Amino acid sequence: MGWLVFYGGAGEVGGNKILLEDGDVRVFLDFGISFTQMGKFYSAPFRRPRREEGLVELGLIPPIKGVYNFDKAETSVDAVIVSHVHMDHVGFLPLIRDEIPVFCGETAATMLDAFTGMEKWIVGRGVRKGSVRTFRTNDGFRVGGVEVRPVHVDHSVPGSYGFVIHTSEGTVAYTGDFRTHGARSELTMDFVSAAEGEGVDVLIVEATNISNAYVSSEGEVREKLHHIVNNTDGLVVTYFASTDIDRLRTFYEVAERSGRKLILSAKQAYLLSKLEGDPHLRVPSLRDKCIMVFKKKKKVYKGWEREVLEGETVVEAGDISKMQREAILIASLYDFEELIEVKPAPGSCYIYSSSEPFNEEMEIDFNKTRNWLEHYGLPQYHVHVSGHIMPVELKKVVERIKPKRVFPVHCEQPEVFAKFIKGIKTDTIIPLAGERYTV
Ligand SMILES: [Zn+2]
């Protein structure tokens, strides 16, 4: 028999940990953190889990023996297959025992390695390089009798994939997170075409935006940003996710057009230094004349920070204070203390270029950000485009793939999705966490 068990991502945004069983072969599709569940007990970065075993007790990771480094039972899972490296899809990977292979795209592997280098993981010590196996688009691989075909998709982090998986009981397609309005929509269309031709029985599809869809595109974001930056008299401060390389490229283009320098955080610079060599990505070079790196005041710099905080293009708060009209400073709330020395001049502004707050912790940070902005008189803009597909396009994808059954995941209101696609000849099954469903 073939089975699917959704240990995360059921009725919630993220936390995907989907177990696929085919006879005695067991494979996890993603192994992410549910920030909703995690936030009930912990708040990163200060209150992180210290006892890995406790995560099973709290229901934050699947209660399966033979999966984790901390239990000694016989290994019971054959592989983890990673769609992309957002923490809500990979955050618990460091708990997976070393002998279980982790399959991911080449760019994704570079990023996982960079996260480990920066000690970015909320749990554990990072992902061991030896357990990672990389693939490229259409570069099929097998786990026992299960045949997996990865196909790239466009999402707000590079190296994102969907999968068409042939089991002895039928064909399963998993979209991971994807969109059709991003800078590389053709990648997503390649996935849809591949799935369309393979007679999909079960489609596991993300439906994040079914409850709150805001339509835009990366091109529109670029034009809006250019308008704001070009008309700002003082400093432009901005925040976006360090893994959103599309947005980094967009800001780089805006900086170049408006004659400003784009000042990266050490984290972004480190990630960029690792991705620079990737021929498929076209990332701006750290040596580009438009790029500078922000050195925050700290007593001790870690090894990875020292790697990117040397050279002529490194600037400190005092330097930025003198070049406000020529700078776009990327700063998160954790960097805001540096504004005391930067002293944003009248006419400066702040652009928030990430998703709206969707949990309690983000709300708290959002309010603190407002207080800092109020103190310095910085108006706040919100310019962003979602990493997730819009409802109308989502319906078209389901229509094209024609699955017999569809499981909506990574969304808070799967019942809206079920009603929305009712006209299509497919059965929608709203997955419940921990339940078993046949393939
Ligand atoms: Zn994602």
# chains A, B, ... in the order shown; residues from 1 in each chain; ligands from 1
$ residues_around --residues "A:Asn16" --least-positions-apart "3" --cutoff "12 Å" --atoms "only C-alpha atoms" --output "tab-separated table (two decimals) with C-alpha atoms, in the first residue's frame"
chain	number	residue	atom	x	y	z
A	5	VAL	CA	0.90	11.40	6.28
A	6	PHE	CA	0.97	15.19	6.73
A	7	TYR	CA	3.01	15.95	9.85
A	8	GLY	CA	2.91	19.67	9.09
A	9	GLY	CA	1.50	22.07	6.52
A	10	ALA	CA	-2.06	20.79	7.12
A	11	GLY	CA	-4.31	23.81	7.68
A	12	GLU	CA	-1.31	26.03	8.39
A	13	VAL	CA	1.18	28.08	6.39
A	19	LEU	CA	5.72	11.30	4.82
A	28	PHE	CA	9.85	12.67	3.77
A	29	LEU	CA	8.93	15.54	1.47
A	30	ASP	CA	10.43	18.54	3.32
A	31	PHE	CA	11.15	18.70	7.02
A	32	GLY	CA	10.26	22.25	8.03
A	33	ILE	CA	9.41	24.18	11.14
A	34	SER	CA	5.81	25.22	11.71
A	35	PHE	CA	6.34	28.70	13.09
A	60	LEU	CA	6.61	19.88	16.87
A	61	ILE	CA	8.30	16.99	15.02
A	62	PRO	CA	6.85	13.62	13.94
A	80	VAL	CA	14.32	13.44	2.91
A	81	ILE	CA	13.56	15.30	-0.32
A	82	VAL	CA	13.78	19.08	-0.08
A	83	SER	CA	11.66	21.38	-2.25
A	84	HIS	CA	13.45	24.61	-1.21
A	85	VAL	CA	15.43	26.08	1.68
A	86	HIS	CA	12.90	28.26	3.49
A	87	MET	CA	12.98	27.38	7.18
A	88	ASP	CA	9.33	26.30	7.13
A	89	HIS	CA	10.48	23.53	4.75
A	90	VAL	CA	13.98	22.67	6.00
A	91	GLY	CA	14.28	24.08	9.55
A	92	PHE	CA	14.29	20.70	11.31
A	93	LEU	CA	16.78	19.02	8.93
A	174	TYR	CA	4.20	17.85	-5.05
A	175	THR	CA	4.47	21.55	-5.93
A	176	GLY	CA	6.54	22.73	-2.95
A	177	ASP	CA	6.01	26.52	-2.87
A	204	ILE	CA	-0.13	17.96	-3.18
A	205	VAL	CA	-0.41	21.67	-3.88
A	206	GLU	CA	0.39	24.81	-1.90
A	408	PRO	CA	-4.13	21.54	-0.45
A	409	VAL	CA	-1.29	22.28	1.99
A	410	HIS	CA	0.59	25.34	3.29
A	411	CYS	CA	-2.61	27.35	3.74
A	431	PRO	CA	-5.50	16.83	5.08
A	433	ALA	CA	-2.23	16.59	10.70
A	434	GLY	CA	-0.98	13.07	11.51
$ residues_around --residues "A:Val236" --least-positions-apart "4" --cutoff "7 Å" --atoms "only C-alpha atoms" --output "VMD selection string"
chain A and resid 229 327 to 329 348 to 350
$ residues_around --residues "A:Thr107" --least-positions-apart "5" --cutoff "10 Å" --atoms "only C-alpha atoms" --output "list of chain:residue names"
A:His84, A:Val85, A:Leu112, A:Asp113, A:Thr134, A:Phe135, A:Arg136, A:Val157, A:Pro158, A:Gly159, A:Ser160, A:Lys274, A:Leu275, A:Asp278, A:His280, A:Leu281
$ residues_around --residues "A:Tyr214" --least-positions-apart "6" --cutoff "9 Å" --atoms "only C-alpha atoms" --output "number ranges by chain"
A: 385-386, 390
$ residues_around --residues "A:Ala195" --least-positions-apart "6" --cutoff "10 Å" --atoms "only C-alpha atoms" --output "number ranges by chain"
A: 149, 151, 162-165, 171-175, 189, 203, 397, 400-403
$ write_last_selection --atoms "C-alpha atoms" --output "PDB file, in the first residue's frame"
ATOM      1  CA  ARG A 149      11.639  13.486 -11.041  1.00  0.00           C
ATOM      2  CA  VAL A 151      11.476  19.946 -11.904  1.00  0.00           C
ATOM      3  CA  GLY A 162       8.436  20.529  -7.445  1.00  0.00           C
ATOM      4  CA  PHE A 163       8.421  16.737  -7.848  1.00  0.00           C
ATOM      5  CA  VAL A 164       6.663  14.079  -9.877  1.00  0.00           C
ATOM      6  CA  ILE A 165       6.965  10.838  -7.926  1.00  0.00           C
ATOM      7  CA  THR A 171       1.878   8.975  -9.319  1.00  0.00           C
ATOM      8  CA  VAL A 172       2.150  11.776  -6.786  1.00  0.00           C
ATOM      9  CA  ALA A 173       3.048  15.369  -7.706  1.00  0.00           C
ATOM     10  CA  TYR A 174       4.198  17.853  -5.053  1.00  0.00           C
ATOM     11  CA  THR A 175       4.475  21.551  -5.929  1.00  0.00           C
ATOM     12  CA  MET A 189       5.378  26.266 -16.282  1.00  0.00           C
ATOM     13  CA  LEU A 203      -1.462  16.355  -6.349  1.00  0.00           C
ATOM     14  CA  VAL A 397      -2.623  24.581 -12.638  1.00  0.00           C
ATOM     15  CA  ARG A 400      -3.958  21.324 -16.395  1.00  0.00           C
ATOM     16  CA  ILE A 401      -2.471  18.594 -14.177  1.00  0.00           C
ATOM     17  CA  LYS A 402      -5.873  16.842 -13.832  1.00  0.00           C
ATOM     18  CA  PRO A 403      -5.136  14.849 -10.674  1.00  0.00           C
TER      19      PRO A 403
END
$ select_by_dssp --residues "stretch 189-364 of chain A" --states "helix (DSSP H, G or I)" --output "MDAnalysis selection string"
chainID A and resid 189:196 208:210 218:230 245:257 266:275 303:308 317:321 324:326 333:342 360:364
$ residues_around --residues "A:Phe366" --least-positions-apart "6" --cutoff "12 Å" --atoms "only C-alpha atoms" --output "PyMOL selection string"
chain A and resi 239+332-334+352+354-360+372-373+380+382
$ write_last_selection --atoms "C-alpha atoms" --output "PDB file, in the first residue's frame"
ATOM      1  CA  TYR A 239      14.264  45.229   4.808  1.00  0.00           C
ATOM      2  CA  SER A 332      16.393  44.409  10.006  1.00  0.00           C
ATOM      3  CA  LEU A 333      14.921  45.394  13.352  1.00  0.00           C
ATOM      4  CA  TYR A 334      18.003  43.827  14.980  1.00  0.00           C
ATOM      5  CA  TYR A 352       9.399  47.094   4.032  1.00  0.00           C
ATOM      6  CA  SER A 354       8.768  41.298   2.759  1.00  0.00           C
ATOM      7  CA  SER A 355       5.511  39.491   3.577  1.00  0.00           C
ATOM      8  CA  GLU A 356       3.014  41.066   5.965  1.00  0.00           C
ATOM      9  CA  PRO A 357       3.252  39.910   9.587  1.00  0.00           C
ATOM     10  CA  PHE A 358       1.359  36.584   9.844  1.00  0.00           C
ATOM     11  CA  ASN A 359       2.057  35.525  13.412  1.00  0.00           C
ATOM     12  CA  GLU A 360       2.293  36.984  16.885  1.00  0.00           C
ATOM     13  CA  TRP A 372      11.898  53.227  15.685  1.00  0.00           C
ATOM     14  CA  LEU A 373      10.482  54.765  12.509  1.00  0.00           C
ATOM     15  CA  GLN A 380       6.984  53.349   5.974  1.00  0.00           C
ATOM     16  CA  HIS A 382       5.274  48.370   1.861  1.00  0.00           C
TER      17      HIS A 382
END
$ closest_residue --among "A:Lys120, A:Arg179, A:Arg370, A:Arg51" --to "ligand 1" --atoms "only C-alpha atoms and all ligand atoms"
A:Arg179
$ closest_residue --among "A:Ser285, A:Glu337, A:Gly182, A:Tyr68" --to "A:Leu55" --atoms "only C-alpha atoms"
A:Tyr68
$ select_by_dssp --residues "stretch 120-359 of chain A" --states "strand (DSSP E)" --output "CSV table (one decimal) with C-alpha atoms, in the first residue's frame"
chain,number,residue,atom,x,y,z
A,132,VAL,CA,23.4,15.8,1.0
A,133,ARG,CA,22.8,14.5,-2.5
A,134,THR,CA,22.1,17.0,-5.2
A,135,PHE,CA,19.9,16.9,-8.3
A,141,PHE,CA,16.7,9.6,-8.9
A,142,ARG,CA,15.4,6.6,-7.1
A,143,VAL,CA,14.8,5.8,-3.5
A,146,VAL,CA,10.2,5.1,-5.7
A,147,GLU,CA,11.2,7.1,-8.8
A,148,VAL,CA,11.5,10.9,-8.3
A,149,ARG,CA,11.6,13.5,-11.0
A,150,PRO,CA,12.5,17.0,-9.8
A,151,VAL,CA,11.5,19.9,-11.9
A,152,HIS,CA,12.3,23.6,-11.1
A,161,TYR,CA,11.7,22.5,-7.0
A,162,GLY,CA,8.4,20.5,-7.4
A,163,PHE,CA,8.4,16.7,-7.8
A,164,VAL,CA,6.7,14.1,-9.9
A,165,ILE,CA,7.0,10.8,-7.9
A,166,HIS,CA,6.1,7.4,-9.3
A,167,THR,CA,5.2,4.9,-6.6
A,170,GLY,CA,0.3,5.6,-8.5
A,171,THR,CA,1.9,9.0,-9.3
A,172,VAL,CA,2.1,11.8,-6.8
A,173,ALA,CA,3.0,15.4,-7.7
A,174,TYR,CA,4.2,17.9,-5.1
A,202,VAL,CA,-2.5,12.7,-6.3
A,203,LEU,CA,-1.5,16.4,-6.3
A,204,ILE,CA,-0.1,18.0,-3.2
A,205,VAL,CA,-0.4,21.7,-3.9
A,206,GLU,CA,0.4,24.8,-1.9
A,236,VAL,CA,16.6,54.8,2.2
A,237,VAL,CA,16.4,52.0,4.8
A,238,THR,CA,14.9,48.8,3.7
A,239,TYR,CA,14.3,45.2,4.8
A,261,LYS,CA,25.1,52.2,-3.2
A,262,LEU,CA,23.2,49.1,-1.9
A,263,ILE,CA,24.5,48.3,1.5
A,264,LEU,CA,24.1,44.7,2.4
A,291,ILE,CA,27.5,47.1,-3.6
A,292,MET,CA,28.8,47.8,0.0
A,293,VAL,CA,28.7,45.8,3.2
A,294,PHE,CA,27.5,47.1,6.5
A,314,VAL,CA,32.9,47.8,4.0
A,315,VAL,CA,31.1,50.7,5.8
A,327,ALA,CA,22.7,54.9,0.0
A,328,ILE,CA,20.1,52.2,0.3
A,329,LEU,CA,20.7,50.5,3.7
A,330,ILE,CA,19.3,47.0,4.2
A,349,CYS,CA,12.3,56.7,4.4
A,350,TYR,CA,11.8,53.0,5.2
A,351,ILE,CA,10.6,50.4,2.7
A,352,TYR,CA,9.4,47.1,4.0
$ closest_residue --among "A:Ala73, A:Ile320, A:Ile228, A:Val67" --to "A:Glu99" --atoms "only C-alpha atoms"
A:Val67
$ residues_around --residues "A:Ile100" --least-positions-apart "6" --cutoff "8 Å" --atoms "only C-alpha atoms" --output "list in words"
Val67, Thr75, Val77, Asp78, Ala79, Val80 and Ser131 of chain A
$ closest_residue --among "A:Leu187, A:Ile389, A:Ala213, A:Leu20" --to "ligand 1" --atoms "only C-alpha atoms and all ligand atoms"
A:Ile389
$ atom_distance --atom1 "atom CA of A:Tyr252" --atom2 "atom CA of A:Gly234"
18.1 Å
$ closest_residue --among "A:Asp365, A:Asp335, A:Asp244, A:Glu316" --to "ligand 1" --atoms "only C-alpha atoms and all ligand atoms"
A:Asp244
$ closest_residue --among "A:Lys65, A:Asn209, A:Leu432, A:Ala269" --to "A:Phe417" --atoms "only C-alpha atoms"
A:Asn209
$ atom_distance --atom1 "atom CA of A:Glu326" --atom2 "atom CA of A:Ser217"
26.4 Å
$ decode --residues "stretch 213-224 of chain A" --atoms "N, CA and C atoms" --output "PDB file, in the first residue's frame"
ATOM      1  N   ALA A 213      -4.876  37.339  -1.334  1.00  0.00           N
ATOM      2  CA  ALA A 213      -4.047  37.452  -2.526  1.00  0.00           C
ATOM      3  C   ALA A 213      -3.853  38.916  -2.914  1.00  0.00           C
ATOM      4  N   TYR A 214      -2.618  39.349  -2.952  1.00  0.00           N
ATOM      5  CA  TYR A 214      -2.295  40.703  -3.379  1.00  0.00           C
ATOM      6  C   TYR A 214      -1.505  40.600  -4.680  1.00  0.00           C
ATOM      7  N   VAL A 215      -2.100  41.095  -5.756  1.00  0.00           N
ATOM      8  CA  VAL A 215      -1.517  40.867  -7.086  1.00  0.00           C
ATOM      9  C   VAL A 215      -0.447  41.902  -7.417  1.00  0.00           C
ATOM     10  N   SER A 216       0.724  41.438  -7.787  1.00  0.00           N
ATOM     11  CA  SER A 216       1.784  42.309  -8.285  1.00  0.00           C
ATOM     12  C   SER A 216       2.776  41.441  -9.048  1.00  0.00           C
ATOM     13  N   SER A 217       3.915  42.014  -9.402  1.00  0.00           N
ATOM     14  CA  SER A 217       4.963  41.230 -10.063  1.00  0.00           C
ATOM     15  C   SER A 217       6.305  41.836  -9.666  1.00  0.00           C
ATOM     16  N   GLU A 218       7.382  41.099  -9.883  1.00  0.00           N
ATOM     17  CA  GLU A 218       8.709  41.615  -9.519  1.00  0.00           C
ATOM     18  C   GLU A 218       9.022  42.874 -10.341  1.00  0.00           C
ATOM     19  N   GLY A 219       8.533  42.893 -11.600  1.00  0.00           N
ATOM     20  CA  GLY A 219       8.741  44.067 -12.453  1.00  0.00           C
ATOM     21  C   GLY A 219       8.044  45.292 -11.882  1.00  0.00           C
ATOM     22  N   GLU A 220       6.820  45.100 -11.399  1.00  0.00           N
ATOM     23  CA  GLU A 220       6.068  46.209 -10.799  1.00  0.00           C
ATOM     24  C   GLU A 220       6.770  46.686  -9.519  1.00  0.00           C
ATOM     25  N   VAL A 221       7.262  45.717  -8.745  1.00  0.00           N
ATOM     26  CA  VAL A 221       7.995  46.048  -7.519  1.00  0.00           C
ATOM     27  C   VAL A 221       9.199  46.940  -7.859  1.00  0.00           C
ATOM     28  N   ARG A 222       9.910  46.571  -8.932  1.00  0.00           N
ATOM     29  CA  ARG A 222      11.099  47.328  -9.332  1.00  0.00           C
ATOM     30  C   ARG A 222      10.735  48.782  -9.660  1.00  0.00           C
ATOM     31  N   GLU A 223       9.633  48.963 -10.411  1.00  0.00           N
ATOM     32  CA  GLU A 223       9.241  50.320 -10.794  1.00  0.00           C
ATOM     33  C   GLU A 223       8.808  51.147  -9.583  1.00  0.00           C
ATOM     34  N   LYS A 224       8.053  50.514  -8.682  1.00  0.00           N
ATOM     35  CA  LYS A 224       7.613  51.223  -7.467  1.00  0.00           C
ATOM     36  C   LYS A 224       8.833  51.616  -6.630  1.00  0.00           C
TER      37      LYS A 224
END
